[in-house]
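Reading through the structure tokens given below for one structure.
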Amino acid sequence: MGTAEVVQQARDIELPRWAEDNLALALVLPGLFFFLSFVAIPLVYLIGLSMTNAALDNMFRDAPGLWGTVFGEAEFVGFQNYANLLTDSQFYRSFGITWLFVATSVVGKVLLGVGIAMVLTHHWVRGKRLMRAIVILPMGLPAIFTITVWRGVFSSAQFGLANQVLGAFGIEPIAWFSRRWMTFLSYNVAEMWLAYPFMVIITVSALQNVPTELHEAAKVDGAGFLSRFRHVTMPAIKRPVLFASILTAAASFQQFLIPFVFNRGGPARANELMLLYGYREAFEFRAFGEGSAIMLTAVAIIGIFMIVAATKGKLAEGAHG
């Protein structure tokens with residue numbers, strides 16, 4: 001029996017009426033189960049936790065009733081934790097350094113990704129397919145592995161690759177993780193490395209859709225490389241690059257592993273990005289209620305950013321608009 005006959009027989013099978021009526025529900029239920037288990041229920045719990053004074057000394061004590069089962073002896077404090085953030089200098093420091101990190105890392109990722117994509121699509125380059133496969137190889141590596149390697153690169157120890165390169169040019173070694181802006185720079189480099197393959201994939205796809213006739217016409221008119229890039233290439237790839245930039249900006253805002261693995265957001269909490277700030281408040285300083293409020297504030301900021309970006313960037317119309 002051939003494949004066509006098997007497919008036709010499968011199509012001819014009549015399902016019971018109850019199965020036909022509930023087929024759509026049955027297909028949705030697995031996804032709904034995982035959504036409730038890993039997103040909705042934890043989020044609702046986090047909202048409740050953020051409105052308590054839950055801490056190590058009262059979170060895990062036995063207390064009567066359902067409230068005690070869920071929150072121990074923690075007391076309901078309403079929006080007090082959110083109000084406390086408004087007077088917490090570390091919140092403003094974390095908020096500011098997070099947005100600065102988002103801005104600088106996105107610019108770096110766009111420049112690096114577009115630059116590499118331009119090289120990989122140039123007619124002078126040979127072996128483009130092999131080079132593209134090599135370029136996107138970092139996407140296949142676990143993020144924690146890549147970040148740990150970059151931590152070694154910026155290590156102040158003798159084997160630190162960054163300091164070895166500087167030493168080759170006669171520059172004194174740098175204590176990367178003891179100086180605020182050197183640490184911030186190392187965060188950006190690692191973030192660029194993690195995200196550039198995605199930017200390259202999007203940009204290469206966009207560049208391949210730019211009509212060669214436009215470039216040829218521009219050359220006939222005497223336009224140089226920079227002029228063609230500005231007036232021909234950039235308008236053609238603007239939407240896809242904007243699409244990728246917004247997504248990577250949201251990812252940068254949620255960055256946790258880089259500062260955590262590198263130096264816990266130091267020195268002296270100066271580079272503590274928002275998710276790390278919330279994590280440390282909850283799990284190092286044992287202020288679970290305040291940590292939950294910080295995390296939900298970060299979620300709200302990311303949500304607002306994505307709504308505004310999707311609206312202004314018209315992402316709903318697709319990356320290639």
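Order determines the names: the first chain of the structure tokens is A, the second B, and so forth; residues in each chain are numbered 1 upward, and ligands are numbered 1 upward as they are shown.
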
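Backbone DSSP of region 269-305 of chain A yields alpha helix (DSSP H) at Met274, Leu275, Leu276, Tyr277, Gly278, Tyr279, Arg280, Glu281, Ala282, Phe283, Phe288, Gly289, Glu290, Gly291, Ser292, Ala293, Ile294, Met295, Leu296, Thr297, Ala298, Val299, Ala300, Ile301, Ile302, Gly303, Ile304 and Phe305 of chain A.
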
I need the chosen residues saved as a short mmCIF file (atom, residue, chain, number, x, y, z; two decimals), in the first residue's frame, with N, CA and C atoms.
```
data_model
loop_
_atom_site.label_atom_id
_atom_site.label_comp_id
_atom_site.auth_asym_id
_atom_site.auth_seq_id
_atom_site.Cartn_x
_atom_site.Cartn_y
_atom_site.Cartn_z
N MET A 274 18.28 44.52 36.69
CA MET A 274 17.05 44.42 37.47
C MET A 274 16.70 43.00 37.90
N LEU A 275 16.85 42.02 37.01
CA LEU A 275 16.51 40.66 37.41
C LEU A 275 17.46 40.14 38.47
N LEU A 276 18.73 40.49 38.37
CA LEU A 276 19.68 40.10 39.39
C LEU A 276 19.38 40.81 40.71
N TYR A 277 18.98 42.06 40.62
CA TYR A 277 18.58 42.83 41.81
C TYR A 277 17.43 42.14 42.53
N GLY A 278 16.39 41.75 41.79
CA GLY A 278 15.27 41.06 42.41
C GLY A 278 15.67 39.71 42.97
N TYR A 279 16.52 38.99 42.24
CA TYR A 279 16.98 37.68 42.71
C TYR A 279 17.75 37.80 44.03
N ARG A 280 18.64 38.76 44.10
CA ARG A 280 19.46 38.89 45.31
C ARG A 280 18.62 39.32 46.51
N GLU A 281 17.65 40.21 46.27
CA GLU A 281 16.78 40.61 47.37
C GLU A 281 16.02 39.41 47.93
N ALA A 282 15.59 38.52 47.03
CA ALA A 282 14.79 37.38 47.46
C ALA A 282 15.63 36.26 48.05
N PHE A 283 16.72 35.89 47.38
CA PHE A 283 17.42 34.66 47.75
C PHE A 283 18.73 34.88 48.50
N PHE A 288 11.59 37.96 50.43
CA PHE A 288 10.87 37.37 49.32
C PHE A 288 9.78 38.30 48.80
N GLY A 289 9.11 39.00 49.67
CA GLY A 289 8.07 39.92 49.23
C GLY A 289 8.63 41.04 48.38
N GLU A 290 9.71 41.67 48.83
CA GLU A 290 10.32 42.76 48.07
C GLU A 290 10.91 42.24 46.76
N GLY A 291 11.54 41.07 46.82
CA GLY A 291 12.09 40.49 45.59
C GLY A 291 11.01 40.22 44.56
N SER A 292 9.85 39.74 45.02
CA SER A 292 8.74 39.49 44.11
C SER A 292 8.23 40.79 43.49
N ALA A 293 8.17 41.85 44.30
CA ALA A 293 7.74 43.15 43.78
C ALA A 293 8.70 43.65 42.70
N ILE A 294 9.99 43.45 42.92
CA ILE A 294 10.98 43.88 41.93
C ILE A 294 10.80 43.10 40.63
N MET A 295 10.62 41.79 40.74
CA MET A 295 10.46 40.96 39.55
C MET A 295 9.20 41.34 38.78
N LEU A 296 8.11 41.59 39.47
CA LEU A 296 6.87 41.98 38.79
C LEU A 296 6.99 43.36 38.17
N THR A 297 7.74 44.24 38.81
CA THR A 297 7.99 45.55 38.20
C THR A 297 8.76 45.39 36.91
N ALA A 298 9.75 44.50 36.91
CA ALA A 298 10.52 44.22 35.69
C ALA A 298 9.63 43.64 34.60
N VAL A 299 8.73 42.72 34.98
CA VAL A 299 7.80 42.13 34.01
C VAL A 299 6.90 43.21 33.41
N ALA A 300 6.43 44.13 34.26
CA ALA A 300 5.56 45.20 33.77
C ALA A 300 6.31 46.12 32.81
N ILE A 301 7.55 46.44 33.14
CA ILE A 301 8.36 47.31 32.27
C ILE A 301 8.60 46.65 30.93
N ILE A 302 8.95 45.36 30.95
CA ILE A 302 9.18 44.63 29.71
C ILE A 302 7.90 44.58 28.88
N GLY A 303 6.77 44.34 29.55
CA GLY A 303 5.49 44.29 28.85
C GLY A 303 5.15 45.62 28.18
N ILE A 304 5.33 46.72 28.92
CA ILE A 304 5.06 48.03 28.36
C ILE A 304 5.99 48.32 27.19
N PHE A 305 7.26 47.97 27.36
CA PHE A 305 8.24 48.19 26.29
C PHE A 305 7.85 47.43 25.03
#
```

Residue neighbourhood region 223-225 of chain A, 12 Å, only C-alpha atoms, exclusion window fewer than 6 positions, as a compact mmCIF listing (two decimals) with N, CA and C atoms, in the first residue's frame:
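Written output follows (around19.txt):
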```txt
# COMPACT_ATOMS: atom_id res chain seq x y z
N MET A 118 26.75 41.74 6.11
CA MET A 118 27.20 42.38 4.88
C MET A 118 28.38 41.62 4.27
N HIS A 122 28.44 39.43 0.55
CA HIS A 122 29.19 40.14 -0.49
C HIS A 122 29.62 39.18 -1.59
N LEU A 214 18.66 47.33 -8.09
CA LEU A 214 18.78 48.62 -7.42
C LEU A 214 20.24 49.00 -7.23
N HIS A 215 21.06 48.03 -6.84
CA HIS A 215 22.49 48.30 -6.66
C HIS A 215 23.15 48.63 -8.00
N GLU A 216 22.77 47.89 -9.03
CA GLU A 216 23.35 48.15 -10.34
C GLU A 216 22.98 49.54 -10.85
N ALA A 217 21.73 49.92 -10.64
CA ALA A 217 21.31 51.25 -11.07
C ALA A 217 22.04 52.34 -10.30
N HIS A 231 21.25 54.55 0.88
CA HIS A 231 20.03 54.83 0.11
C HIS A 231 19.37 53.59 -0.48
N VAL A 232 20.11 52.48 -0.55
CA VAL A 232 19.54 51.26 -1.13
C VAL A 232 19.40 50.15 -0.08
N THR A 233 20.53 49.83 0.57
CA THR A 233 20.52 48.69 1.49
C THR A 233 19.72 48.98 2.75
N MET A 234 20.00 50.09 3.41
CA MET A 234 19.34 50.38 4.68
C MET A 234 17.82 50.47 4.58
```

Any idea what's packed within 12 Å of Tyr187 (chain A), counting only C-alpha atoms, ignoring anything in its chain fewer than 3 positions away? Could you give it as JSON, numbers by chain?
-> {"A": [97, 98, 100, 101, 102, 104, 105, 108, 147, 148, 150, 151, 153, 154, 176, 177, 180, 181, 182, 183, 184, 190, 191, 192, 193, 194, 252, 255, 256, 257, 258, 259, 260, 261, 262, 263, 264, 265, 266, 271, 272, 273]}

With C-alpha atoms kept, could you save the residues just selected as a tab-separated table (two decimals), in the first residue's frame?
```tsv
chain	number	residue	atom	x	y	z
A	97	ILE	CA	22.11	50.64	34.54
A	98	THR	CA	19.68	48.12	33.04
A	100	LEU	CA	21.92	51.77	29.71
A	101	PHE	CA	22.92	48.14	29.19
A	102	VAL	CA	19.96	47.60	26.87
A	104	THR	CA	24.55	50.00	24.45
A	105	SER	CA	24.22	46.26	23.88
A	108	GLY	CA	26.61	46.85	19.52
A	147	ILE	CA	29.22	33.12	29.60
A	148	THR	CA	31.63	31.11	31.74
A	150	TRP	CA	33.82	34.94	28.57
A	151	ARG	CA	34.30	35.27	32.32
A	153	VAL	CA	38.50	35.81	28.96
A	154	PHE	CA	38.08	38.87	31.19
A	176	TRP	CA	37.94	44.02	34.74
A	177	PHE	CA	35.56	43.04	37.51
A	180	ARG	CA	32.51	49.59	37.22
A	181	TRP	CA	32.72	50.59	33.57
A	182	MET	CA	35.22	47.88	32.67
A	183	THR	CA	32.75	45.41	34.11
A	184	PHE	CA	29.95	47.06	32.16
A	190	ALA	CA	29.42	38.86	26.23
A	191	GLU	CA	25.87	39.95	25.38
A	192	MET	CA	26.89	40.87	21.84
A	193	TRP	CA	28.46	37.44	21.38
A	194	LEU	CA	25.31	35.67	22.62
A	252	SER	CA	18.90	42.27	27.09
A	255	GLN	CA	19.68	39.39	31.12
A	256	PHE	CA	20.55	37.63	34.36
A	257	LEU	CA	23.27	35.08	33.75
A	258	ILE	CA	26.01	37.46	32.57
A	259	PRO	CA	26.14	39.70	35.67
A	260	PHE	CA	25.44	36.75	37.96
A	261	VAL	CA	28.26	34.60	36.61
A	262	PHE	CA	30.74	37.43	36.05
A	263	ASN	CA	30.73	39.18	39.45
A	264	ARG	CA	27.20	39.26	40.93
A	265	GLY	CA	26.57	42.70	39.49
A	266	GLY	CA	29.56	44.32	41.17
A	271	ASN	CA	26.12	46.87	37.71
A	272	GLU	CA	23.24	44.94	39.22
A	273	LEU	CA	20.71	44.54	36.42
```

To one decimal place, how far is CA of Val77 (chain A) from CA of Thr52 (chain A) in Å?
->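 These two atoms are separated by 5.1 Å.
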
Quick one: pull the distance between CA of Gly113 (chain A) and CA of Phe253 (chain A), Å, one decimal.
->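 The value is 18.8 Å.
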
Pairwise distance, CA of Asn209 (chain A) with CA of Val241 (chain A), equals 13.3 Å

Please, which residues in region 161-248 of chain A fall within 8 Å of region 128-137 of chain A when counting only C-alpha atoms, and what is the closest atom pair and distance in Å to one decimal for each, ordered by chain then residue number, as a tab-separated table?
```
residue	atom	partner	partner_atom	distance
A:Pro197	CA	A:Ile136	CA	4.7
A:Phe198	CA	A:Ile136	CA	7.6
A:Val200	CA	A:Ile136	CA	7.8
A:Ile201	CA	A:Ile136	CA	7.8
```

Store the residues picked out above in a file with N, CA and C atoms, as an mmCIF file, in the first residue's frame.
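Result saved to out.cif:
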```cif
data_model
loop_
_atom_site.group_PDB
_atom_site.id
_atom_site.type_symbol
_atom_site.label_atom_id
_atom_site.label_comp_id
_atom_site.auth_asym_id
_atom_site.auth_seq_id
_atom_site.Cartn_x
_atom_site.Cartn_y
_atom_site.Cartn_z
ATOM 1 N N PRO A 197 24.422 36.007 16.458
ATOM 2 C CA PRO A 197 23.950 35.051 15.444
ATOM 3 C C PRO A 197 22.517 35.303 15.015
ATOM 4 N N PHE A 198 21.660 35.655 15.965
ATOM 5 C CA PHE A 198 20.264 35.959 15.631
ATOM 6 C C PHE A 198 20.189 37.172 14.714
ATOM 7 N N VAL A 200 22.488 38.221 12.697
ATOM 8 C CA VAL A 200 23.054 37.836 11.405
ATOM 9 C C VAL A 200 22.023 37.091 10.566
ATOM 10 N N ILE A 201 21.310 36.149 11.180
ATOM 11 C CA ILE A 201 20.304 35.370 10.446
ATOM 12 C C ILE A 201 19.234 36.284 9.857
#
```

Counting only C-alpha atoms, which of A:Ala40, A:Val107, A:Val308, A:Ile116 gets nearest to Thr203 (chain A)?
->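 Closest candidate: A:Ile116.
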
Best match for closeness to Ser94 (chain A) among A:Pro173, A:Ala268, A:Met199, A:Val165, counting only C-alpha atoms =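 Selected residue with least distance to Ser94 (chain A): A:Ala268.
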